[in-house]
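Novice: Below you will find the structure I want to go over with you.
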Number of protein chains: 4
Amino acid sequence: MNRFSIILGNLGNTCDRFLSSGYKDQPSKETMIRQASQIPGVKGVELVGTWDVTPQNVDEMGGLLAKYGLSCASIIPDHFSQKRWGRGAFTSKDPGIRAQALEETLAAAELARKLRCPLVNLWPGQDGYDYPLQADYRAERRWIVEAVTRAARAFPDIRFSLEYKPKEPRTHCFLARAADTHLVVREVGLPNVGVTIDTGHALVAGENMAESAVLLSDHGAKLFHLHFNDNYRSWDDDMIVGSVHLVEFVELWFWLKELGYQGWYSMDQYPYREDGQGALRASVEFLTSIDEILDDAARAELRAIIGRGDPIESTAWIRGKLFRR
Amino acid sequence: MNRFSIILGNLGNTCDRFLSSGYKDQPSKETMIRQASQIPGVKGVELVGTWDVTPQNVDEMGGLLAKYGLSCASIIPDHFSQKRWGRGAFTSKDPGIRAQALEETLAAAELARKLRCPLVNLWPGQDGYDYPLQADYRAERRWIVEAVTRAARAFPDIRFSLEYKPKEPRTHCFLARAADTHLVVREVGLPNVGVTIDTGHALVAGENMAESAVLLSDHGAKLFHLHFNDNYRSWDDDMIVGSVHLVEFVELWFWLKELGYQGWYSMDQYPYREDGQGALRASVEFLTSIDEILDDAARAELRAIIGRGDPIESTAWIRGKLFRR
Amino acid sequence: MNRFSIILGNLGNTCDRFLSSGYKDQPSKETMIRQASQIPGVKGVELVGTWDVTPQNVDEMGGLLAKYGLSCASIIPDHFSQKRWGRGAFTSKDPGIRAQALEETLAAAELARKLRCPLVNLWPGQDGYDYPLQADYRAERRWIVEAVTRAARAFPDIRFSLEYKPKEPRTHCFLARAADTHLVVREVGLPNVGVTIDTGHALVAGENMAESAVLLSDHGAKLFHLHFNDNYRSWDDDMIVGSVHLVEFVELWFWLKELGYQGWYSMDQYPYREDGQGALRASVEFLTSIDEILDDAARAELRAIIGRGDPIESTAWIRGKLFRR
Amino acid sequence: MNRFSIILGNLGNTCDRFLSSGYKDQPSKETMIRQASQIPGVKGVELVGTWDVTPQNVDEMGGLLAKYGLSCASIIPDHFSQKRWGRGAFTSKDPGIRAQALEETLAAAELARKLRCPLVNLWPGQDGYDYPLQADYRAERRWIVEAVTRAARAFPDIRFSLEYKPKEPRTHCFLARAADTHLVVREVGLPNVGVTIDTGHALVAGENMAESAVLLSDHGAKLFHLHFNDNYRSWDDDMIVGSVHLVEFVELWFWLKELGYQGWYSMDQYPYREDGQGALRASVEFLTSIDEILDDAARAELRAIIGRGDPIESTAWIRGKLFRR
């Protein structure tokens, strides 16, 4: 049974640096939650701190989720949308800001508990650097390990999942790739700390998404969460899943089944100019279509094909599924 | 005599999609103009429509420029920062929006005349597409040609310079590279229409900046304007010039001299987290340093080195200049 | 009626810089020609100078093609596989080499005439540069224009099609992108000079393949020839068509029909480790599958979808075709 | 005291897939060794199995190295240049080939012992995959760990250093990035297993070279070896060091000093069309120039600058060093 979710803000207004007031209008939270609940297959939402959920509105948000039959799949603390984080949150050169970044994490874990949400998704987007000769790579990575360790120790009932991304908003982020994030997780060494794969971030990192999923699972079941979107491989375009790539999503889905992945399949897009609900529904439908193809028989066939490793066979298999030839 | 200028907004607040309220505070226009005038070598500014200059404030802006001894190097009409342009300006599927995009261009040319500015820099950032099967490549490029033709005919005393960029804010922009923009200029076929090279956009396009300058000059003196910044080649990071690359800026500067380029050398950066004035000054100083190296004797040496085409010689030449060995 | 062809050498041994003796054994020419003829849909082959066809063996090759019922779709003169071209063919700093490059072109046109082949495909892979401060961009592009002009004037009955590629074997090639190659074609200004799109080269150039096809057709029917292969967008991996991308090949095929493209659909792959015939057949079958989808009704639907430009619609259309949902 | 070395084959003939017989002529081994010894600063060479050193010629090679006063800095076993490795060495689906890959490694360690060389550099270039749905990521990574473990246990006196590279000759290599290679090293868990950074491979991986060096050192002194070359960030162009980038090499050198790196600084280039000795000398001179800049005082300044993290300061510092302004 797949559990699809979406990041709530995907249904809202979206902006970029040239059109900072956004391409659309901002709907109410209830409108967005209702829209999420209307997408067939969607059972949960992810909430971003500051943008979606705060200590002030958490009860109201909990009520709305209940009203529309949705779970809270994760809380994403806000370590990126405020001026104070501009030069880093966990890795700010200012120890006061670093302390605040930890507080924000703990507060998010509290919100998660209140919403019976089992996972805090950490995306420390401002933790990185822009220029050569700017970062103290040694100290700053250590600060990330220390903060995550403290949060995870304080909330052993909550899973903390580190989302990597090679760049943006910094030209280089510290949690950049699956393997370096895995190294941080290993250093932390706690069972409730793992990794989120955002499929678009993996593509930008030059990774094969399925290989990254295996890497994280095979080194100790550390694939905690998944964000889905598509792009052209050079930037986090946050597009409809399957709008550019197809075969690699089939491969990813196959391996997630092989690995026994139990978490959410969460959509994370930026439909700047599209109807948000329509764009998210399109992604869920694409993945559902792939899921239908990958029944037990098909997976057995793929296992054998991978065992032989011949791309003539695998491309024929895909063609047979899609074109019935 | 080099004429440096800056894009005024580089001194202001800068935002991105995650921190839409911006990394800094917004100074007053006079503060920014004064700061620009304080950078040694800077003699002009470029003004962006909506952001910097409008029919309402144009006289005031003219007064401020005069007060601080600056020329207006270009007007950049706003074809990107308003919701109405979200799905294209010159290439909107809505003919009403296309008409407005032309009007905005004509209005910018009027502002240019008022400020005795000889150049309108057109950066139609929203004119492109995000997904496969979205754009009518045939019709939409034609609309650009038609609009530019009408503007250039209406203002024969103003130079219209098309700034290309491969992507952002769309995943694909129509004016994407030097050569395809040159094709548009050829179709327009008017003497007052040319091309702006933004060095960062050229790097993202996979171009060698100097080769692009030659391409535009050699096919009819169509290099009208230059924007300077640096990046890591995969995205328009808008960094301090020379912070990543060096040799290719030496080469570009050499060829600009060979080509007899007479336009402005304009800084176009996004110092998200840095002091704006300091970041712009750093770029001007870097380029001034290169200019000092490239005296007549040095250029004669480079001409000979290029004639032989041996990278061992050229790298030795650079080492000699920089390291005195 | 589609006409598929293959580059004959795709069926032979393939090497790279680490395994220069090649990943396979080299079959005889007759074996390769027979294998080509056995691929359903394939009606022609392209022959590479030196590798496949020379003045010495041209009659024999013509006999073999006749025996197996294949046309010669193009001759590709060898401007890349001999030491003498190492520092450029048409753009060598040595005028003697430049003269030889023209001679090689003329000789290829003679071979084409003998084989009743209407097209010479020029891929001047060594014409470019590796380092900054190495090329005389002005002179070297002019040399290309001059050589192509002389060849095209000497053989007005032969079409000369310039194949662009951004890099490899040089870090920068002069004929790098669709638009800059189009500029060369315009300067030559002869009806029998046009452009070849290699789909993989277009992807590496950051181009949308369909947009490039429109660009070349819309500016005067200059799309002369097509090479098909797939890759991961950063390098010319020369993979089975459709093994990575799908939607963009659907879009390209749609636009080729819109544009009334009449040339060959030629496979150009490097199946380093795969059975050559199987890899080429896989590509032809993939494109045939797309062709079957794109009947008159489907193209009318796509025309309307593109007219509206909504990616939610276009992705739904693709999903409907592939997954029957 | 820096110890420069070169990979011997850099002085020989160089080929690519289009010019498989190579751009130059192949000099004798003694010529290459003599040329290496003539480059000021070079004290060692790396020898590639099959190409440079075999059980048959090892004594002769030892004699030549002694004659010219050079050490053997590393042995690079040949896991890439023979047909048998074409579909993988350590990760071939054929267990017989996997056994041979281990044997080749053990044989290289024997050669290293004979030459009193302390390090075997493992670059399993063929161990990867080209297509989606081709590799069994789980099993194949495990095979690498097992083979490396067995070799390292068999030769506890030899250091085995794994060289990562994201792609080429496969579209995806298993040892792709610093961090994933570090994960392999951790799984092996032996003191004599570490990582080689090839600066060009790191650039292609999207890594900051200095950050990768810190990552490997900070997680347990696992930076064993360094290969130097430069490129344009998208492909392993193997160019003269400093021909494209400068600041990031300054930063890398600074951090190598901070980390107390004690290994060789080895040049690894492919001077396809250049004089090999000249191209290698150019790189050594470039790095020596950087080394001269980075004296104790300069490093103290950089430490302070990095502590503040302001790119305006760091770019001014670089400008001051290079341009004396």
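So you can find residues: chains in the structure tokens are A, B, ... in the order shown, residues in each start at 1, and ligands are numbered from 1 in order.
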As a PyMOL selection string, please: every residue in range 6-188 of chain C that DSSP puts in strand (DSSP E).

Specialist: chain C and resi 6-7+42-48+71-76+119-122+128-129+159-163+172-173

Novice: Generate the output file for the selected residues, N, CA and C atoms, as a PDB file, in the first residue's frame.

Specialist:
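Saved to selection.pdb:
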```pdb
ATOM      1  N   ILE C   6      21.515   3.752 -40.728  1.00  0.00           N
ATOM      2  CA  ILE C   6      22.457   3.652 -39.612  1.00  0.00           C
ATOM      3  C   ILE C   6      23.850   4.055 -40.113  1.00  0.00           C
ATOM      4  N   ILE C   7      24.662   4.483 -39.195  1.00  0.00           N
ATOM      5  CA  ILE C   7      26.073   4.683 -39.521  1.00  0.00           C
ATOM      6  C   ILE C   7      26.757   3.320 -39.427  1.00  0.00           C
ATOM      7  N   VAL C  42      15.336  -0.400 -41.782  1.00  0.00           N
ATOM      8  CA  VAL C  42      16.575   0.257 -42.218  1.00  0.00           C
ATOM      9  C   VAL C  42      16.760   0.090 -43.729  1.00  0.00           C
ATOM     10  N   LYS C  43      16.876   1.202 -44.414  1.00  0.00           N
ATOM     11  CA  LYS C  43      16.998   1.201 -45.871  1.00  0.00           C
ATOM     12  C   LYS C  43      18.315   1.803 -46.347  1.00  0.00           C
ATOM     13  N   GLY C  44      19.081   2.351 -45.437  1.00  0.00           N
ATOM     14  CA  GLY C  44      20.311   2.985 -45.883  1.00  0.00           C
ATOM     15  C   GLY C  44      21.399   2.939 -44.831  1.00  0.00           C
ATOM     16  N   VAL C  45      22.622   3.255 -45.259  1.00  0.00           N
ATOM     17  CA  VAL C  45      23.737   3.345 -44.317  1.00  0.00           C
ATOM     18  C   VAL C  45      24.511   4.628 -44.612  1.00  0.00           C
ATOM     19  N   GLU C  46      25.185   5.112 -43.583  1.00  0.00           N
ATOM     20  CA  GLU C  46      26.143   6.199 -43.760  1.00  0.00           C
ATOM     21  C   GLU C  46      27.540   5.603 -43.672  1.00  0.00           C
ATOM     22  N   LEU C  47      28.415   6.077 -44.547  1.00  0.00           N
ATOM     23  CA  LEU C  47      29.776   5.531 -44.600  1.00  0.00           C
ATOM     24  C   LEU C  47      30.780   6.612 -44.211  1.00  0.00           C
ATOM     25  N   VAL C  48      31.702   6.239 -43.342  1.00  0.00           N
ATOM     26  CA  VAL C  48      32.730   7.167 -42.889  1.00  0.00           C
ATOM     27  C   VAL C  48      33.985   6.965 -43.731  1.00  0.00           C
ATOM     28  N   SER C  71      20.639   1.801 -49.589  1.00  0.00           N
ATOM     29  CA  SER C  71      21.159   3.030 -50.172  1.00  0.00           C
ATOM     30  C   SER C  71      22.294   3.569 -49.320  1.00  0.00           C
ATOM     31  N   CYS C  72      23.097   4.417 -49.937  1.00  0.00           N
ATOM     32  CA  CYS C  72      24.067   5.176 -49.149  1.00  0.00           C
ATOM     33  C   CYS C  72      23.409   6.500 -48.778  1.00  0.00           C
ATOM     34  N   ALA C  73      23.137   6.668 -47.497  1.00  0.00           N
ATOM     35  CA  ALA C  73      22.415   7.861 -47.037  1.00  0.00           C
ATOM     36  C   ALA C  73      23.330   9.073 -46.944  1.00  0.00           C
ATOM     37  N   SER C  74      24.568   8.837 -46.581  1.00  0.00           N
ATOM     38  CA  SER C  74      25.526   9.946 -46.565  1.00  0.00           C
ATOM     39  C   SER C  74      26.938   9.402 -46.530  1.00  0.00           C
ATOM     40  N   ILE C  75      27.853  10.247 -46.971  1.00  0.00           N
ATOM     41  CA  ILE C  75      29.286  10.000 -46.782  1.00  0.00           C
ATOM     42  C   ILE C  75      29.764  11.002 -45.741  1.00  0.00           C
ATOM     43  N   ILE C  76      30.502  10.503 -44.762  1.00  0.00           N
ATOM     44  CA  ILE C  76      31.078  11.366 -43.731  1.00  0.00           C
ATOM     45  C   ILE C  76      32.589  11.384 -43.950  1.00  0.00           C
ATOM     46  N   LEU C 119      24.241  13.235 -50.236  1.00  0.00           N
ATOM     47  CA  LEU C 119      24.597  14.095 -49.103  1.00  0.00           C
ATOM     48  C   LEU C 119      25.968  13.747 -48.531  1.00  0.00           C
ATOM     49  N   VAL C 120      26.762  14.778 -48.310  1.00  0.00           N
ATOM     50  CA  VAL C 120      28.016  14.654 -47.560  1.00  0.00           C
ATOM     51  C   VAL C 120      27.797  15.291 -46.199  1.00  0.00           C
ATOM     52  N   ASN C 121      28.005  14.488 -45.159  1.00  0.00           N
ATOM     53  CA  ASN C 121      27.813  14.982 -43.793  1.00  0.00           C
ATOM     54  C   ASN C 121      29.168  15.394 -43.246  1.00  0.00           C
ATOM     55  N   LEU C 122      29.338  16.685 -42.993  1.00  0.00           N
ATOM     56  CA  LEU C 122      30.627  17.194 -42.514  1.00  0.00           C
ATOM     57  C   LEU C 122      30.606  17.295 -41.001  1.00  0.00           C
ATOM     58  N   GLY C 128      38.360  23.132 -33.567  1.00  0.00           N
ATOM     59  CA  GLY C 128      37.952  23.766 -32.335  1.00  0.00           C
ATOM     60  C   GLY C 128      39.206  24.112 -31.568  1.00  0.00           C
ATOM     61  N   TYR C 129      39.088  24.108 -30.264  1.00  0.00           N
ATOM     62  CA  TYR C 129      40.241  24.455 -29.434  1.00  0.00           C
ATOM     63  C   TYR C 129      40.034  23.835 -28.065  1.00  0.00           C
ATOM     64  N   ARG C 159      24.465  17.712 -51.465  1.00  0.00           N
ATOM     65  CA  ARG C 159      24.123  18.540 -50.306  1.00  0.00           C
ATOM     66  C   ARG C 159      25.199  18.344 -49.241  1.00  0.00           C
ATOM     67  N   PHE C 160      25.694  19.431 -48.712  1.00  0.00           N
ATOM     68  CA  PHE C 160      26.693  19.388 -47.639  1.00  0.00           C
ATOM     69  C   PHE C 160      26.006  19.766 -46.338  1.00  0.00           C
ATOM     70  N   SER C 161      26.022  18.870 -45.400  1.00  0.00           N
ATOM     71  CA  SER C 161      25.294  19.098 -44.157  1.00  0.00           C
ATOM     72  C   SER C 161      26.286  19.147 -42.999  1.00  0.00           C
ATOM     73  N   LEU C 162      26.280  20.274 -42.290  1.00  0.00           N
ATOM     74  CA  LEU C 162      27.250  20.498 -41.215  1.00  0.00           C
ATOM     75  C   LEU C 162      26.697  19.965 -39.904  1.00  0.00           C
ATOM     76  N   GLU C 163      27.416  19.046 -39.303  1.00  0.00           N
ATOM     77  CA  GLU C 163      26.970  18.450 -38.042  1.00  0.00           C
ATOM     78  C   GLU C 163      27.641  19.152 -36.874  1.00  0.00           C
ATOM     79  N   HIS C 172      36.214  22.516 -26.999  1.00  0.00           N
ATOM     80  CA  HIS C 172      35.253  23.413 -27.650  1.00  0.00           C
ATOM     81  C   HIS C 172      35.368  23.214 -29.164  1.00  0.00           C
ATOM     82  N   CYS C 173      34.274  22.912 -29.813  1.00  0.00           N
ATOM     83  CA  CYS C 173      34.270  22.816 -31.272  1.00  0.00           C
ATOM     84  C   CYS C 173      33.672  24.096 -31.854  1.00  0.00           C
TER      85      CYS C 173
END
```

Novice: So which bits of range 44-215 of chain A end up helix (DSSP H, G or I) when you DSSP the backbone, as a ChimeraX atom specification?

Specialist: /A:58-67,83-85,95-114,137-154,178-188,199-204,209-215

Novice: Select all residues from chain D having any atom no more than 6 Å from an atom of chain B (counting only C-alpha atoms, ignoring ligands), output as a PyMOL selection string.

Specialist: chain D and resi 245+279+312+322

Novice: Would you pick out the contacts of range 28-37 of chain C at 8 Å or less, using only C-alpha atoms, so that residues sharing its chain but fewer than 6 positions from it are not included, and give the list as a PyMOL selection string?

Specialist: chain C and resi 6+8-9+11-12+43+45+52+64-65+68-70+277

Novice: Please save all heavy atoms of the selected residues as an mmCIF file, in the first residue's frame.

Specialist:
```cif
data_model
loop_
_atom_site.group_PDB
_atom_site.id
_atom_site.type_symbol
_atom_site.label_atom_id
_atom_site.label_comp_id
_atom_site.auth_asym_id
_atom_site.auth_seq_id
_atom_site.Cartn_x
_atom_site.Cartn_y
_atom_site.Cartn_z
ATOM 1 N N ILE C 6 21.515 3.752 -40.728
ATOM 2 C CA ILE C 6 22.457 3.652 -39.612
ATOM 3 C C ILE C 6 23.850 4.055 -40.113
ATOM 4 O O ILE C 6 24.131 3.998 -41.303
ATOM 5 C CB ILE C 6 22.531 2.221 -39.038
ATOM 6 C CG1 ILE C 6 23.112 1.264 -40.089
ATOM 7 C CG2 ILE C 6 21.188 1.730 -38.559
ATOM 8 C CD1 ILE C 6 23.680 0.021 -39.486
ATOM 9 N N LEU C 8 27.364 2.895 -40.511
ATOM 10 C CA LEU C 8 27.815 1.508 -40.602
ATOM 11 C C LEU C 8 28.747 1.120 -39.445
ATOM 12 O O LEU C 8 28.628 0.034 -38.880
ATOM 13 C CB LEU C 8 28.521 1.266 -41.941
ATOM 14 C CG LEU C 8 28.769 -0.207 -42.258
ATOM 15 C CD1 LEU C 8 27.448 -0.947 -42.445
ATOM 16 C CD2 LEU C 8 29.648 -0.361 -43.482
ATOM 17 N N GLY C 9 29.637 2.032 -39.101
ATOM 18 C CA GLY C 9 30.621 1.719 -38.064
ATOM 19 C C GLY C 9 30.009 1.400 -36.714
ATOM 20 O O GLY C 9 30.667 0.803 -35.862
ATOM 21 N N LEU C 11 28.130 -0.809 -36.129
ATOM 22 C CA LEU C 11 28.089 -2.270 -36.042
ATOM 23 C C LEU C 11 29.474 -2.872 -35.833
ATOM 24 O O LEU C 11 29.611 -4.088 -35.698
ATOM 25 C CB LEU C 11 27.466 -2.846 -37.319
ATOM 26 C CG LEU C 11 25.968 -2.567 -37.482
ATOM 27 C CD1 LEU C 11 25.526 -2.784 -38.918
ATOM 28 C CD2 LEU C 11 25.164 -3.465 -36.537
ATOM 29 N N GLY C 12 30.488 -2.038 -35.823
ATOM 30 C CA GLY C 12 31.848 -2.551 -35.725
ATOM 31 C C GLY C 12 32.410 -2.472 -34.318
ATOM 32 O O GLY C 12 31.672 -2.364 -33.333
ATOM 33 N N LYS C 43 16.876 1.202 -44.414
ATOM 34 C CA LYS C 43 16.998 1.201 -45.871
ATOM 35 C C LYS C 43 18.315 1.803 -46.347
ATOM 36 O O LYS C 43 18.584 1.797 -47.550
ATOM 37 C CB LYS C 43 15.862 2.033 -46.489
ATOM 38 C CG LYS C 43 14.464 1.625 -46.066
ATOM 39 C CD LYS C 43 14.106 0.256 -46.601
ATOM 40 C CE LYS C 43 12.668 -0.136 -46.222
ATOM 41 N NZ LYS C 43 12.509 -1.601 -46.297
ATOM 42 N N VAL C 45 22.622 3.255 -45.259
ATOM 43 C CA VAL C 45 23.737 3.345 -44.317
ATOM 44 C C VAL C 45 24.511 4.628 -44.612
ATOM 45 O O VAL C 45 24.486 5.145 -45.728
ATOM 46 C CB VAL C 45 24.706 2.145 -44.426
ATOM 47 C CG1 VAL C 45 24.027 0.857 -43.996
ATOM 48 C CG2 VAL C 45 25.274 2.026 -45.821
ATOM 49 N N ASP C 52 35.270 3.310 -43.468
ATOM 50 C CA ASP C 52 34.368 2.461 -44.246
ATOM 51 C C ASP C 52 34.619 2.528 -45.748
ATOM 52 O O ASP C 52 34.496 1.527 -46.433
ATOM 53 C CB ASP C 52 32.902 2.901 -44.022
ATOM 54 C CG ASP C 52 32.466 2.788 -42.586
ATOM 55 O OD1 ASP C 52 32.865 1.814 -41.923
ATOM 56 O OD2 ASP C 52 31.731 3.677 -42.112
ATOM 57 N N LEU C 64 28.345 -4.161 -52.525
ATOM 58 C CA LEU C 64 27.778 -4.759 -51.313
ATOM 59 C C LEU C 64 26.446 -4.098 -50.949
ATOM 60 O O LEU C 64 25.488 -4.781 -50.562
ATOM 61 C CB LEU C 64 28.766 -4.634 -50.151
ATOM 62 C CG LEU C 64 29.978 -5.578 -50.209
ATOM 63 C CD1 LEU C 64 31.010 -5.191 -49.145
ATOM 64 C CD2 LEU C 64 29.525 -7.030 -49.997
ATOM 65 N N LEU C 65 26.390 -2.777 -51.053
ATOM 66 C CA LEU C 65 25.130 -2.100 -50.742
ATOM 67 C C LEU C 65 24.025 -2.587 -51.678
ATOM 68 O O LEU C 65 22.896 -2.865 -51.242
ATOM 69 C CB LEU C 65 25.305 -0.579 -50.866
ATOM 70 C CG LEU C 65 26.219 0.081 -49.822
ATOM 71 C CD1 LEU C 65 26.272 1.590 -50.042
ATOM 72 C CD2 LEU C 65 25.758 -0.225 -48.403
ATOM 73 N N TYR C 68 22.713 -6.031 -50.806
ATOM 74 C CA TYR C 68 21.843 -6.112 -49.629
ATOM 75 C C TYR C 68 20.708 -5.089 -49.663
ATOM 76 O O TYR C 68 20.021 -4.889 -48.668
ATOM 77 C CB TYR C 68 22.673 -5.980 -48.349
ATOM 78 C CG TYR C 68 23.546 -7.201 -48.138
ATOM 79 C CD1 TYR C 68 24.877 -7.220 -48.508
ATOM 80 C CD2 TYR C 68 22.979 -8.372 -47.602
ATOM 81 C CE1 TYR C 68 25.663 -8.360 -48.345
ATOM 82 C CE2 TYR C 68 23.757 -9.520 -47.439
ATOM 83 C CZ TYR C 68 25.096 -9.502 -47.801
ATOM 84 O OH TYR C 68 25.844 -10.633 -47.633
ATOM 85 N N GLY C 69 20.542 -4.431 -50.798
ATOM 86 C CA GLY C 69 19.382 -3.568 -50.962
ATOM 87 C C GLY C 69 19.402 -2.305 -50.136
ATOM 88 O O GLY C 69 18.360 -1.820 -49.686
ATOM 89 N N LEU C 70 20.559 -1.768 -49.894
ATOM 90 C CA LEU C 70 20.678 -0.554 -49.071
ATOM 91 C C LEU C 70 21.137 0.619 -49.918
ATOM 92 O O LEU C 70 21.942 0.467 -50.833
ATOM 93 C CB LEU C 70 21.688 -0.788 -47.944
ATOM 94 C CG LEU C 70 21.290 -1.809 -46.874
ATOM 95 C CD1 LEU C 70 22.481 -2.077 -45.948
ATOM 96 C CD2 LEU C 70 20.097 -1.311 -46.053
ATOM 97 N N GLN C 277 24.064 -4.729 -33.582
ATOM 98 C CA GLN C 277 22.807 -4.845 -34.320
ATOM 99 C C GLN C 277 21.604 -4.724 -33.379
ATOM 100 O O GLN C 277 20.630 -4.039 -33.683
ATOM 101 C CB GLN C 277 22.767 -6.193 -35.048
ATOM 102 C CG GLN C 277 21.658 -6.274 -36.082
ATOM 103 C CD GLN C 277 21.512 -7.689 -36.635
ATOM 104 O OE1 GLN C 277 21.665 -8.673 -35.903
ATOM 105 N NE2 GLN C 277 21.235 -7.784 -37.921
#
```

Novice: Set the distance at 7 Å and use only C-alpha atoms: which residues neighbour Ala147 in chain C once local chain neighbours fewer than 3 positions away are removed? I'd like the list as a ChimeraX atom specification.

Specialist: /C:90,102,143-144,150-151
